[in-house]
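Read the structure below first, then the notes.
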Amino acid sequence: MTSADLMLAVLFAAVTAYALFGGADFGAGFWDLFAGGAKRGHRQRKLIEHAIGPVWEANHVWLIFAIVLLWTGFPAVFAGVAATMYIPLTAAALGIIGRGAGFAFRKISVTLPRQQLFGAGFAFSSVVTPFFFGAVAGGIATGRVPPWDQGPGDILTAWWNPTSVATGALAVGVCAYLAAVFLTHDAKREDPGLVPVMRRQALWAGAGVGLLAAVGLVVVELDADWLAGRLWRPLPAALIAVSALAGLASIGLLALGRYVAVRVTSGLAVAAVLGGWAAAQYPYLLPPATTVDAVAADPAVTRATLWAVLVGVAILAPSLWWLLRLSQTPAHQGAGGETGHQEDGRR
């Protein structure tokens with residue numbers, strides 16, 4: 001394995017981490033949008049705020065990390081994607097900003113109209129942002145982004161096409177599914193009365209994601225011959241099968257009330273489908289002709305970057321683990337095990 005391949009593997013790991021952790025945060029905004037009116041949806045919105053409050057900004061580290069790796073290790077690919085996909089990427093960036101502003105200002109607003117205004121901004125941005133990221137991925141996978149030296153591709157059809165729309169919708173569904181799964185366990189700790197609600201939403205979201213994935217495969221067959229043919233090679237097909245089996249297992253675990261185990265199987269389902277896409281596309285970063293070796297930075301650059309990543313992981317990983325550990329501590333339990341309502345202080 002070359003240093004470029006290893007760097008690509010690290011990049012894929014960062015994208016997967018963002019899809020899982022950042023995706024769950026986006027999905028929380030999806031359920032915030034459909035929680036109901038101010039009175040009926042108050043408890044669910046309170047649960048959502050408690051669950052994502054400590055980590056909603058931290059999870060964007062994975063996106064920043066992935067962007068820096070792409071820029072450093074594969075600059076021609078970064079330039080080609082930015083030149084062709086600047087419309088959906090700009091929309092996603094604005095969505096991240098609007099989502100953060102809405103989430104922060106809703107919590108400090110004292111009047112109901114302002115809370116509703118900022119809440120709507122938070123929820124709407126949480127839905128459209130993963131759609132644009134999914135649309136970009138679909139455009140890249142179907143060969144609609146040319147390399148930088150060939151000039152930009154069509155700035156509209158590159159991301160507004162059947163496959164991109166299907167992958168964008170699937171991204172929104174995956175985020176909603178992950179959030180519902182995670183919130184079901186959080187509800188068991190923080191507000192047990194919401195467990196049946198969140199479990200029902202997780203079951204419906206899981207079924208919806210399965211349907212969207214099946215539709216997406218049909219769309220790819222009709223819209224992207226190059227990608228469709230590679231999806232059924234042994235490794236991509238095996239990973240897609242693993243994703244399907246993990247999804248079915250997740251539904252079964254939800255029905256049985258195994259809310260910790262289902263976090264593992266749901267994450268595996270999402271990671272496996274991403275792995276299937278990556279395996280189908282490899283070694284082409286920009287299909288159908290731009291390979292990893294053709295556009296990788298100088299080996300000295302990739303090796304130095306990998307050493308820097310290793311040092312950074314040694315520093316960052318314990319901090320992220322501790323943050324996630326603290327965020328999963330029950331609201332009624334303080335650092336010394338004393339009882340008392342600590343929710344606002346932990347935020």
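Letters for chains follow the order of the structure tokens (A, B, ...), residue numbers begin at 1 for each chain, and ligand numbers begin at 1 in the order shown.
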Go through region 99-297 of chain A and collect every residue that DSSP, computed from the backbone, puts in helix (DSSP H, G or I); the answer should be as a ChimeraX atom specification. /A:99-108,112-141,148-150,162-190,192-223,225-231,234-256,261-281,292-295
Write out the residues from the selection above, keeping C-alpha atoms, as a compact mmCIF listing (two decimals), in the first residue's frame.
```txt
# COMPACT_ATOMS: atom_id res chain seq x y z
CA ARG A 99 -28.06 25.51 11.59
CA GLY A 100 -25.57 26.60 14.21
CA ALA A 101 -27.02 30.09 14.48
CA GLY A 102 -30.56 28.75 14.78
CA PHE A 103 -29.62 26.23 17.45
CA ALA A 104 -27.67 28.76 19.52
CA PHE A 105 -30.12 31.66 19.29
CA ARG A 106 -33.20 29.54 19.96
CA LYS A 107 -31.82 28.57 23.36
CA ILE A 108 -31.28 32.18 24.43
CA LEU A 112 -42.05 32.15 21.52
CA PRO A 113 -42.03 33.78 18.03
CA ARG A 114 -38.26 34.15 18.12
CA GLN A 115 -37.80 30.62 19.38
CA GLN A 116 -39.97 29.37 16.51
CA LEU A 117 -38.05 31.46 13.96
CA PHE A 118 -34.63 30.26 15.04
CA GLY A 119 -35.91 26.74 15.57
CA ALA A 120 -37.21 26.66 12.00
CA GLY A 121 -33.81 27.82 10.76
CA PHE A 122 -32.06 25.11 12.74
CA ALA A 123 -34.42 22.36 11.58
CA PHE A 124 -34.61 23.37 7.91
CA SER A 125 -30.82 23.72 7.66
CA SER A 126 -30.41 20.29 9.26
CA VAL A 127 -32.44 18.75 6.44
CA VAL A 128 -31.06 20.55 3.38
CA THR A 129 -27.37 20.36 4.35
CA PRO A 130 -27.03 16.55 4.19
CA PHE A 131 -29.04 16.60 0.95
CA PHE A 132 -26.43 18.82 -0.70
CA PHE A 133 -23.56 16.69 0.62
CA GLY A 134 -25.26 13.57 -0.72
CA ALA A 135 -25.87 15.24 -4.07
CA VAL A 136 -22.17 16.10 -4.35
CA ALA A 137 -21.21 12.49 -3.60
CA GLY A 138 -23.63 11.23 -6.24
CA GLY A 139 -22.24 13.59 -8.86
CA ILE A 140 -18.66 12.55 -8.16
CA ALA A 141 -19.44 8.82 -8.17
CA TRP A 148 -9.00 20.26 -12.73
CA ASP A 149 -6.89 20.39 -15.89
CA GLN A 150 -9.98 19.76 -18.04
CA PRO A 162 -31.24 11.48 -10.92
CA THR A 163 -28.40 9.82 -9.03
CA SER A 164 -27.52 12.94 -7.06
CA VAL A 165 -31.13 13.52 -6.08
CA ALA A 166 -31.40 9.88 -4.97
CA THR A 167 -28.17 10.01 -2.94
CA GLY A 168 -29.17 13.35 -1.44
CA ALA A 169 -32.51 11.95 -0.30
CA LEU A 170 -30.74 8.85 1.03
CA ALA A 171 -28.34 11.06 3.01
CA VAL A 172 -31.27 12.87 4.65
CA GLY A 173 -32.91 9.54 5.46
CA VAL A 174 -29.72 8.07 6.91
CA CYS A 175 -29.25 11.10 9.15
CA ALA A 176 -32.84 10.86 10.41
CA TYR A 177 -32.43 7.13 11.04
CA LEU A 178 -29.19 7.49 12.99
CA ALA A 179 -30.63 10.31 15.09
CA ALA A 180 -33.77 8.36 15.94
CA VAL A 181 -31.70 5.34 17.00
CA PHE A 182 -29.39 7.41 19.19
CA LEU A 183 -32.25 9.46 20.66
CA THR A 184 -34.14 6.30 21.64
CA HIS A 185 -31.35 5.36 24.04
CA ASP A 186 -31.02 8.96 25.23
CA ALA A 187 -34.75 9.03 25.92
CA LYS A 188 -34.44 5.89 28.05
CA ARG A 189 -32.00 7.78 30.28
CA GLU A 190 -33.48 11.26 30.23
CA PRO A 192 -38.50 7.36 29.45
CA GLY A 193 -41.93 8.51 28.33
CA LEU A 194 -40.45 9.42 24.95
CA VAL A 195 -38.96 5.96 24.32
CA PRO A 196 -42.01 4.60 22.42
CA VAL A 197 -42.10 7.75 20.28
CA MET A 198 -38.43 7.64 19.36
CA ARG A 199 -38.47 3.87 18.78
CA ARG A 200 -41.44 4.23 16.42
CA GLN A 201 -39.64 7.01 14.55
CA ALA A 202 -36.49 4.88 14.33
CA LEU A 203 -38.45 1.94 12.91
CA TRP A 204 -40.17 4.09 10.31
CA ALA A 205 -36.89 5.81 9.42
CA GLY A 206 -35.13 2.44 9.06
CA ALA A 207 -37.83 1.18 6.72
CA GLY A 208 -37.67 4.44 4.77
CA VAL A 209 -33.90 4.26 4.39
CA GLY A 210 -34.16 0.68 3.13
CA LEU A 211 -36.68 1.80 0.52
CA LEU A 212 -34.56 4.79 -0.50
CA ALA A 213 -31.50 2.55 -0.85
CA ALA A 214 -33.40 0.14 -3.10
CA VAL A 215 -34.71 3.01 -5.23
CA GLY A 216 -31.19 4.44 -5.38
CA LEU A 217 -29.81 1.19 -6.80
CA VAL A 218 -32.46 1.25 -9.52
CA VAL A 219 -31.67 4.89 -10.31
CA VAL A 220 -27.96 4.11 -10.58
CA GLU A 221 -28.70 1.25 -12.97
CA LEU A 222 -30.65 3.62 -15.21
CA ASP A 223 -28.49 6.74 -14.86
CA ASP A 225 -23.76 2.54 -16.23
CA TRP A 226 -20.14 2.86 -15.13
CA LEU A 227 -20.97 2.90 -11.43
CA ALA A 228 -23.76 0.31 -11.71
CA GLY A 229 -21.42 -2.25 -13.23
CA ARG A 230 -18.84 -1.80 -10.47
CA LEU A 231 -21.31 -1.98 -7.58
CA PRO A 234 -17.45 -9.04 -5.11
CA LEU A 235 -16.25 -6.55 -2.49
CA PRO A 236 -18.79 -3.76 -3.08
CA ALA A 237 -21.63 -6.30 -3.33
CA ALA A 238 -20.51 -7.95 -0.07
CA LEU A 239 -20.44 -4.60 1.73
CA ILE A 240 -23.90 -3.72 0.43
CA ALA A 241 -25.14 -7.08 1.69
CA VAL A 242 -23.57 -6.41 5.10
CA SER A 243 -25.34 -3.05 5.19
CA ALA A 244 -28.67 -4.67 4.41
CA LEU A 245 -28.21 -7.37 7.05
CA ALA A 246 -27.12 -4.82 9.66
CA GLY A 247 -30.17 -2.73 8.84
CA LEU A 248 -32.48 -5.69 9.33
CA ALA A 249 -30.71 -6.55 12.59
CA SER A 250 -31.20 -2.97 13.74
CA ILE A 251 -34.93 -3.17 13.21
CA GLY A 252 -35.03 -6.41 15.16
CA LEU A 253 -33.00 -4.93 18.03
CA LEU A 254 -35.27 -1.89 18.15
CA ALA A 255 -38.30 -4.14 18.39
CA LEU A 256 -36.62 -6.04 21.25
CA ALA A 261 -26.68 -2.76 20.61
CA VAL A 262 -28.75 -1.10 17.88
CA ARG A 263 -26.37 1.84 17.88
CA VAL A 264 -23.64 -0.54 16.75
CA THR A 265 -25.66 -2.26 14.04
CA SER A 266 -27.10 0.99 12.69
CA GLY A 267 -23.62 2.50 12.50
CA LEU A 268 -22.39 -0.64 10.76
CA ALA A 269 -25.21 -0.39 8.22
CA VAL A 270 -24.24 3.17 7.31
CA ALA A 271 -20.48 2.52 7.32
CA ALA A 272 -20.90 -0.57 5.13
CA VAL A 273 -22.92 1.22 2.47
CA LEU A 274 -20.30 3.98 2.37
CA GLY A 275 -17.65 1.30 2.09
CA GLY A 276 -19.52 -0.29 -0.81
CA TRP A 277 -19.54 3.03 -2.65
CA ALA A 278 -15.83 3.57 -1.98
CA ALA A 279 -14.90 0.04 -3.04
CA ALA A 280 -16.88 0.37 -6.25
CA GLN A 281 -15.20 3.65 -7.13
CA VAL A 292 -5.40 7.87 -6.99
CA ASP A 293 -1.82 7.57 -8.22
CA ALA A 294 -2.38 10.08 -11.03
CA VAL A 295 -3.47 12.93 -8.77
```
Skip Thr290 (chain A) itself and residues of its chain fewer than 6 positions away, then list as a PyMOL selection string all residues within 9 Å of it, counting only C-alpha atoms. chain A and resi 77+146-147+283-284
One decimal, Å: what's the distance from CA of Phe30 (chain A) over to CA of His42 (chain A), could you say?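 Pair CA of Phe30 (chain A) / CA of His42 (chain A) returns 14.8 Å.
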Shell of 7 Å around region 7-20 of chain A, only C-alpha atoms, local chain residues under 5 positions omitted, as a PyMOL selection string: chain A and resi 59+62-63+65-66+69+267+271+302+306
Atomic distance CA of Ala296 (chain A) - CA of Ala4 (chain A), expressed in Å with one decimal: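 Atom-to-atom, CA of Ala296 (chain A) to CA of Ala4 (chain A), that is 6.1 Å.
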Residue with smallest distance to Thr2 (chain A) - pool A:Ala158, A:Ala300, A:Ser319, A:Ala82, counting only C-alpha atoms: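 With only C-alpha atoms as the atom set, the closest residue is A:Ala300.
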Using only C-alpha atoms, the residue out of A:Gly53, A:Pro318, A:Pro288, A:Gly37 with shortest distance to Gly143 (chain A) is A:Pro288
How many Å lie between CA of Pro88 (chain A) and CA of Leu33 (chain A), rounded to one decimal?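 Straight-line distance from CA of Pro88 (chain A) to CA of Leu33 (chain A) works out to 21.8 Å.
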Between A:Gly36, A:Phe78, A:Trp160, A:Ile96, which residue has the minimum interatomic distance to Gly23 (chain A), considering only C-alpha atoms? A:Ile96
A:Ile67, A:Leu6, A:Phe74, A:Lys46 ranked by distance to Thr291 (chain A), top pick (using only C-alpha atoms):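 For Thr291 (chain A), the nearest of the candidates is A:Phe74.
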Pick the closest to Gln44 (chain A) from A:Gly29, A:Ala76, A:Trp307, A:Glu57: which is it, counting only C-alpha atoms?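 Between A:Gly29, A:Ala76, A:Trp307, A:Glu57, the residue approaching Gln44 (chain A) most closely is A:Gly29.
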Using only C-alpha atoms, determine which residues lie at most 9 Å from Val301 (chain A), disregarding the query and same-chain residues fewer than 4 positions distant; provide the list as a list in words. Thr72, Gly73, Ala297, Thr305 and Leu306 of chain A
